[in-house]
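Comments concern the structure below.
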Amino acid sequence: KFKIPEKKAVTYIHQILLALCYLHEYGITHRDLKPENILMSDKSDEAQLKLIDFGLSKIIGPNETCTEPYGTLSYVAPEVLMERPYNKQVDMWTVGVMAYLFCVGFLPFDHRDEREIAKQTMCDPTPFPSAYWNKVSSEAKLFVDACLHKNPTKRLTVKEALVHPWIKKFDEGAIVEKRRQSKLIKESDFELFTKKD
């Protein structure tokens, strides 16, 4: 029965993306993003998200990959489960899982049996049951689908996600101002993240 209004879900995902943009610029891959590793700065509606638990994080260079297993099963990217070389795109898979969770209140790949979760993650298309997803914008579904692409080279990057129509859908002026205040994005890149279609 976990529900977050879609506008709030966008705000939370946007904050996560800004944090990831900062981390990825320094070559840091978190590798264990999940709601349990996010704290709120306070109890207000304007609270800022804070990423925690960097125990599994790893520095992965621009042309490097990693093969060691990591993470929490329902949030882990398929390439990790298949023991294929992976890069920072594993964090974007998790952004997609969290966006899905924030929008409809349950995980996209979940089961009592861990082997079934792994099979679903590696093989099954992302489920979008209409009873739940008909109440969410089409932009949200497109965003989740692009983050949960099985092929990491076709998955949204953090910079592509920051300019996705779903992120820009709600109160773009406030989002743009938060980006400018955060100073996480270089002024030279700022136009890329604030450009209107």
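Simple scheme: letters A, B, ... for chains in structure tokens order, numbers from 1 for residues in each chain, numbers from 1 for ligands in the order shown.
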At a cut-off of 12 Å, using only C-alpha atoms, what residues contact A:Ile38? Leave out same-chain residues fewer than 5 positions from it and give the result as a list in words.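 Residues near the query, excluding close chain neighbours: Tyr12, Ile13, Gln15, Ile16, Ala19, His30, Asp32, Leu33, Ala47, Gln48, Leu49, Lys50, Leu51, Ile52, Asp53, Phe54 and Met98 of chain A.
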Using only C-alpha atoms, the best pick from A:Thr126, A:Gln89, A:Thr11, A:Thr29 as closest to A:Asp45 would be A:Thr11
A:Arg31 surroundings by only C-alpha atoms, 7 Å radius, close-in-sequence under 5 positions cut, as a PyMOL selection string: chain A and resi 56-57+70-71+90-91
Members of stretch 39-192 of chain A assigned alpha helix (DSSP H) by DSSP, as a ChimeraX atom specification: /A:78-81,89-104,114-123,130-133,138-147,158-162,165-169,172-182,187-192
